[in-house]
Every structure is written in C-alpha cells, then in structure tokens.
Amino acid sequence: MLEIPVSWILFLPVVFVWTIILVLYATFIVFVSVPRLQINIEPSLRSIPLQIQAFFEVLILHFLFGLLAWSLIATTTTCPGFIPDYWKNLEEDVIAKKCHERKKNGELRFCKYENCYKPDRSHFCRQLRRNILRMDHYCPWVANCIGFFNHKYFLLTLFYTNLCGCYIFFILFKIVPESFYDPNSTVVELFYISLEIVLVIIYLSINVPFFIFHLWLLINNKTTIELLEQSSNRSDGYKPVNYNFGVWFNLKSVLGSNIFAWVLPIGKPCGNGLEFQCEDIIENDGRGI
C-alpha cells in the first residue's frame with residue numbers, strides 16, 4: 001500500500017478547500033458573468049445596461065474573492081505563535097506572577113513535551129508539536145493551528161467566505177428565472193448554474209453557523225478550547241479565568257487597535273500572546289487595551 005507522507009496528508013484538506021473556492025469562482029465567471037457581459041454577441045445587439053451591470057458584478061466578485069484568498073493564505077502561512085525561549089528560562093516565581101491560570105490543584109500548568117511552564121491560554125498542539133499562544137483550535141482546512149497571531153486572519157477568512165457565498169447567491173437568485181426561461185440557454189449552462197446554486201447553498205449552510213459561533217466566541221473573548229474546558233468543568237466547581245471585558249475590549253484584543261485595519265488581513269493583535277488581562281487585574285488597577 002502506498003504511504004503518503006504526513007506533511008502531504010495534512011495539506012489534502014487545504015487542496016480540497018481551494019478546489020471548492022476555484023470551482024465556485026470559475027463556474028460563476030464562465031456560465032454567469034461571461035454570458036451577461038455579452039462578449040460573443042454583436043455590438044449592435046448587446047444590452048448596454050446589462051453589460052454595465054455585469055461588469056460591476058464581476059468587479060465586486062474579484063474584489064471579494066481577492067480578500068478571501070488573501071485572508072486564507074495569511075491564515076495558512078502565519079505562525080500562530082510559539083512559546084519564546086526567554087519564557088522557558090524564567091524562574092517559576094516570575095512566571096507565577098505573570099500567569100493566572102492554574103491546574104485544579106493550584107499548580108502552574110507545565111508542558112512535559114517542551115519542558116516549560118505554559119503561558120495563560122496556551123495549549124499543546126499535537127499536529128504542530130508545539131505549544132500555541134492563545135490557542136483556539138487546529139484547523140485542518142488551513143493545515144495550521146489557529147492561535148494568537150493568525151486568529152484575526154481566520155475570522156476574516158470565515159467572514160469573506162460567507163460574503164462571497166452570499167453575493168453569488170444573490171446574483172443567482174436574480175438571474176436563475178431568466179436563464180431557465182431563456183430559449184437561448186443551453187443544457188450545459190443550465191446544468192452548471194444549477195450546480196453552482198447547490199454548491200453555494202451547501203457552502204453557506206456549513207460556513208454561516210460556523211462563523212456565527214466564532215463571532216460569539218470573539219465577542220465574549222473566549223477560545224474554542226476555553227469554552228470546552230468551561231463546559232467540562234462546571235460540575236466540579238472549577239472556575240475559569242474571565243477575559244471578557246465588553247465587546248469593544250474583546251474585539252480590539254483580537255482584531256487590533258486600528259479599527260480601519262479590522263477588515264484586512266494585516267496587523268497584529270494587542271499584546272504579546274504571553275500575558276493577558278483578566279478579571280482581577282482589571283478590578284485592581286483598571287488597565288485596559
């Protein structure tokens with residue numbers, strides 16, 4: 001039996017995601033946009049208003065898909081954040097002052113794999129074999145862990161994924177009746193338009209709830225791991241550290257302090273990924289981002 005290297009296996013979901021995106025894009029351009037642009041029709045027979053409308057539709061589509069591709073590439077290629085060497089050399093009493101998360105027995109969280117104490121909100125990723133700063137989860141669709149430095153890019157990927165899907169669905173919703181009643185429409189065109197509709201519906205039915213879930217986590221300043229830990233520890237009286245200090249604080253902590261850059265996969269989040277403001281710090285000295 002042929003054995004595929006682990007590195008290639010990890011990237012198979014990435015190839016699948018890009019294939020779906022490119023199929024949606026190519027099908028829309030070839031079977032929706034090109035006919036509406038009337039490129040193959042004599043100039044005297046063209047509908048100028050329809051041609052102008054189609055031109056702007058294609059322009060907007062490329063703009064949205066460009067932002068989606070940019071965000072997806074940034075999520076895949078950006079290091080989520082690892083524990084730096086200087087942290088590993090700090091004394092235990094120094095780390096104890098910086099960290100607020102503890103085990104149930106009150107001890108600092110220690111990683112046996114990297115042989116060091118874990119900063120708050122960091123967890124060991126088995127796929128990357130490193131501790132990830134402010135780890136949310138490992139995402140097979142980007143072959144990368146979602147952590148402190150690429151969490152914003154991941155959220156933007158979800159945002160533009162849904163925005164592209166909704167935009168395509170909106171255009172299809174307008175033109176499908178016209179296409180099916182148009183005597184000039186071919187069977188091939190109708191087949192691919194129908195395929196596009198089915199793919200977009202499946203695409204949105206999966207991604208919209210997923211984005212809403214992660215938007216809720218962002219607003220509440222939680223990670224997926226923290227939510228799971230909180231749910232699993234409710235019965236034994238364990239109280240997790242509270243990082244939630246309002247929507248504005250929570251948004252800036254992940255998306256950065258520059259509000260004009262929130263919609264672009266650029267910039268860095270607030271902080272260093274090693275120390276986080278929690279409830280007792282805010283109450284004692286009133287510090288904020």
# chains A, B, ... in the order shown; residues from 1 in each chain; ligands from 1

$ residues_around --residues "stretch 111-122 of chain A" --least-positions-apart "3" --cutoff "7 Å" --atoms "only C-alpha atoms" --output "PDB file with N, CA and C atoms, in the first residue's frame"
ATOM      1  N   LYS A  88      10.922  30.266  28.561  1.00  0.00           N
ATOM      2  CA  LYS A  88      11.273  28.949  29.097  1.00  0.00           C
ATOM      3  C   LYS A  88      12.376  29.039  30.147  1.00  0.00           C
ATOM      4  N   CYS A  99       1.221  34.529  35.272  1.00  0.00           N
ATOM      5  CA  CYS A  99       0.143  33.618  34.884  1.00  0.00           C
ATOM      6  C   CYS A  99      -0.956  33.571  35.940  1.00  0.00           C
ATOM      7  N   HIS A 100      -2.176  33.486  35.477  1.00  0.00           N
ATOM      8  CA  HIS A 100      -3.335  33.421  36.370  1.00  0.00           C
ATOM      9  C   HIS A 100      -4.052  32.081  36.270  1.00  0.00           C
ATOM     10  N   GLU A 101      -3.824  31.371  35.189  1.00  0.00           N
ATOM     11  CA  GLU A 101      -4.443  30.058  35.043  1.00  0.00           C
ATOM     12  C   GLU A 101      -3.647  29.022  35.830  1.00  0.00           C
ATOM     13  N   LEU A 108       0.988  25.639  38.697  1.00  0.00           N
ATOM     14  CA  LEU A 108       1.134  26.200  37.361  1.00  0.00           C
ATOM     15  C   LEU A 108       1.007  25.096  36.317  1.00  0.00           C
ATOM     16  N   ASN A 131       3.608  24.242  21.707  1.00  0.00           N
ATOM     17  CA  ASN A 131       2.584  24.976  22.434  1.00  0.00           C
ATOM     18  C   ASN A 131       2.210  26.219  21.634  1.00  0.00           C
ATOM     19  N   ILE A 132       0.924  26.453  21.488  1.00  0.00           N
ATOM     20  CA  ILE A 132       0.419  27.566  20.694  1.00  0.00           C
ATOM     21  C   ILE A 132      -0.120  28.650  21.619  1.00  0.00           C
ATOM     22  N   LEU A 133       0.333  29.874  21.411  1.00  0.00           N
ATOM     23  CA  LEU A 133      -0.142  31.001  22.217  1.00  0.00           C
ATOM     24  C   LEU A 133      -1.609  31.289  21.906  1.00  0.00           C
ATOM     25  N   ARG A 134      -2.386  31.448  22.967  1.00  0.00           N
ATOM     26  CA  ARG A 134      -3.833  31.678  22.859  1.00  0.00           C
ATOM     27  C   ARG A 134      -4.447  30.763  21.807  1.00  0.00           C
ATOM     28  N   MET A 135      -4.262  29.486  21.998  1.00  0.00           N
ATOM     29  CA  MET A 135      -4.727  28.500  21.021  1.00  0.00           C
ATOM     30  C   MET A 135      -6.248  28.412  21.009  1.00  0.00           C
ATOM     31  N   LEU A 274       1.562  36.247  25.577  1.00  0.00           N
ATOM     32  CA  LEU A 274       2.077  35.561  26.766  1.00  0.00           C
ATOM     33  C   LEU A 274       1.339  35.971  28.033  1.00  0.00           C
ATOM     34  N   GLU A 275       0.962  37.240  28.103  1.00  0.00           N
ATOM     35  CA  GLU A 275       0.262  37.756  29.281  1.00  0.00           C
ATOM     36  C   GLU A 275      -1.054  38.389  28.849  1.00  0.00           C
TER      37      GLU A 275
END

$ residues_around --residues "A:Phe63" --least-positions-apart "5" --cutoff "12 Å" --atoms "only C-alpha atoms" --output "compact mmCIF listing (two decimals) with N, CA and C atoms, in the first residue's frame"
# COMPACT_ATOMS: atom_id res chain seq x y z
N PHE A 56 -19.78 45.44 -13.29
CA PHE A 56 -19.61 45.78 -11.88
C PHE A 56 -19.78 44.55 -10.98
N GLU A 57 -20.63 43.62 -11.40
CA GLU A 57 -20.77 42.37 -10.65
C GLU A 57 -19.45 41.59 -10.64
N VAL A 58 -18.81 41.53 -11.79
CA VAL A 58 -17.51 40.84 -11.88
C VAL A 58 -16.45 41.57 -11.08
N LEU A 68 -10.78 37.19 0.18
CA LEU A 68 -10.89 35.83 0.71
C LEU A 68 -9.58 35.07 0.54
N ALA A 69 -9.01 35.14 -0.66
CA ALA A 69 -7.75 34.44 -0.92
C ALA A 69 -6.63 34.99 -0.05
N TRP A 70 -6.57 36.30 0.09
CA TRP A 70 -5.56 36.94 0.93
C TRP A 70 -5.68 36.48 2.38
N TYR A 160 -15.18 36.58 4.79
CA TYR A 160 -15.21 36.75 3.34
C TYR A 160 -15.71 35.50 2.63
N LEU A 163 -19.35 36.14 2.81
CA LEU A 163 -19.70 37.30 1.99
C LEU A 163 -19.69 36.94 0.51
N CYS A 164 -18.67 36.19 0.08
CA CYS A 164 -18.60 35.74 -1.32
C CYS A 164 -19.78 34.83 -1.65
N TYR A 167 -23.00 36.81 -1.87
CA TYR A 167 -23.03 37.65 -3.07
C TYR A 167 -23.37 36.82 -4.30

$ select_by_dssp --residues "stretch 65-163 of chain A" --states "strand (DSSP E or B)" --output "VMD selection string"
chain A and resid 82 110 to 111 116 to 117 123 to 125 130 to 132 137 to 139 144 to 146

$ closest_atom_pairs --of "stretch 113-184 of chain A" --to "stretch 199-203 of chain A" --cutoff "12 Å" --atoms "only C-alpha atoms" --output "Markdown table"
| residue | atom | partner | partner_atom | distance |
| --- | --- | --- | --- | --- |
| A:Leu158 | CA | A:Tyr203 | CA | 11.3 |
| A:Thr161 | CA | A:Tyr203 | CA | 8.7 |
| A:Asn162 | CA | A:Tyr203 | CA | 8.3 |
| A:Leu163 | CA | A:Tyr203 | CA | 11.3 |
| A:Cys164 | CA | A:Val200 | CA | 9.5 |
| A:Gly165 | CA | A:Val200 | CA | 6.0 |
| A:Cys166 | CA | A:Val200 | CA | 8.1 |
| A:Tyr167 | CA | A:Val200 | CA | 9.9 |
| A:Ile168 | CA | A:Val200 | CA | 7.6 |
| A:Phe169 | CA | A:Val200 | CA | 6.6 |
| A:Phe170 | CA | A:Val200 | CA | 10.4 |
| A:Ile171 | CA | A:Val200 | CA | 11.5 |
| A:Leu172 | CA | A:Val200 | CA | 9.8 |
| A:Phe173 | CA | A:Val200 | CA | 11.3 |
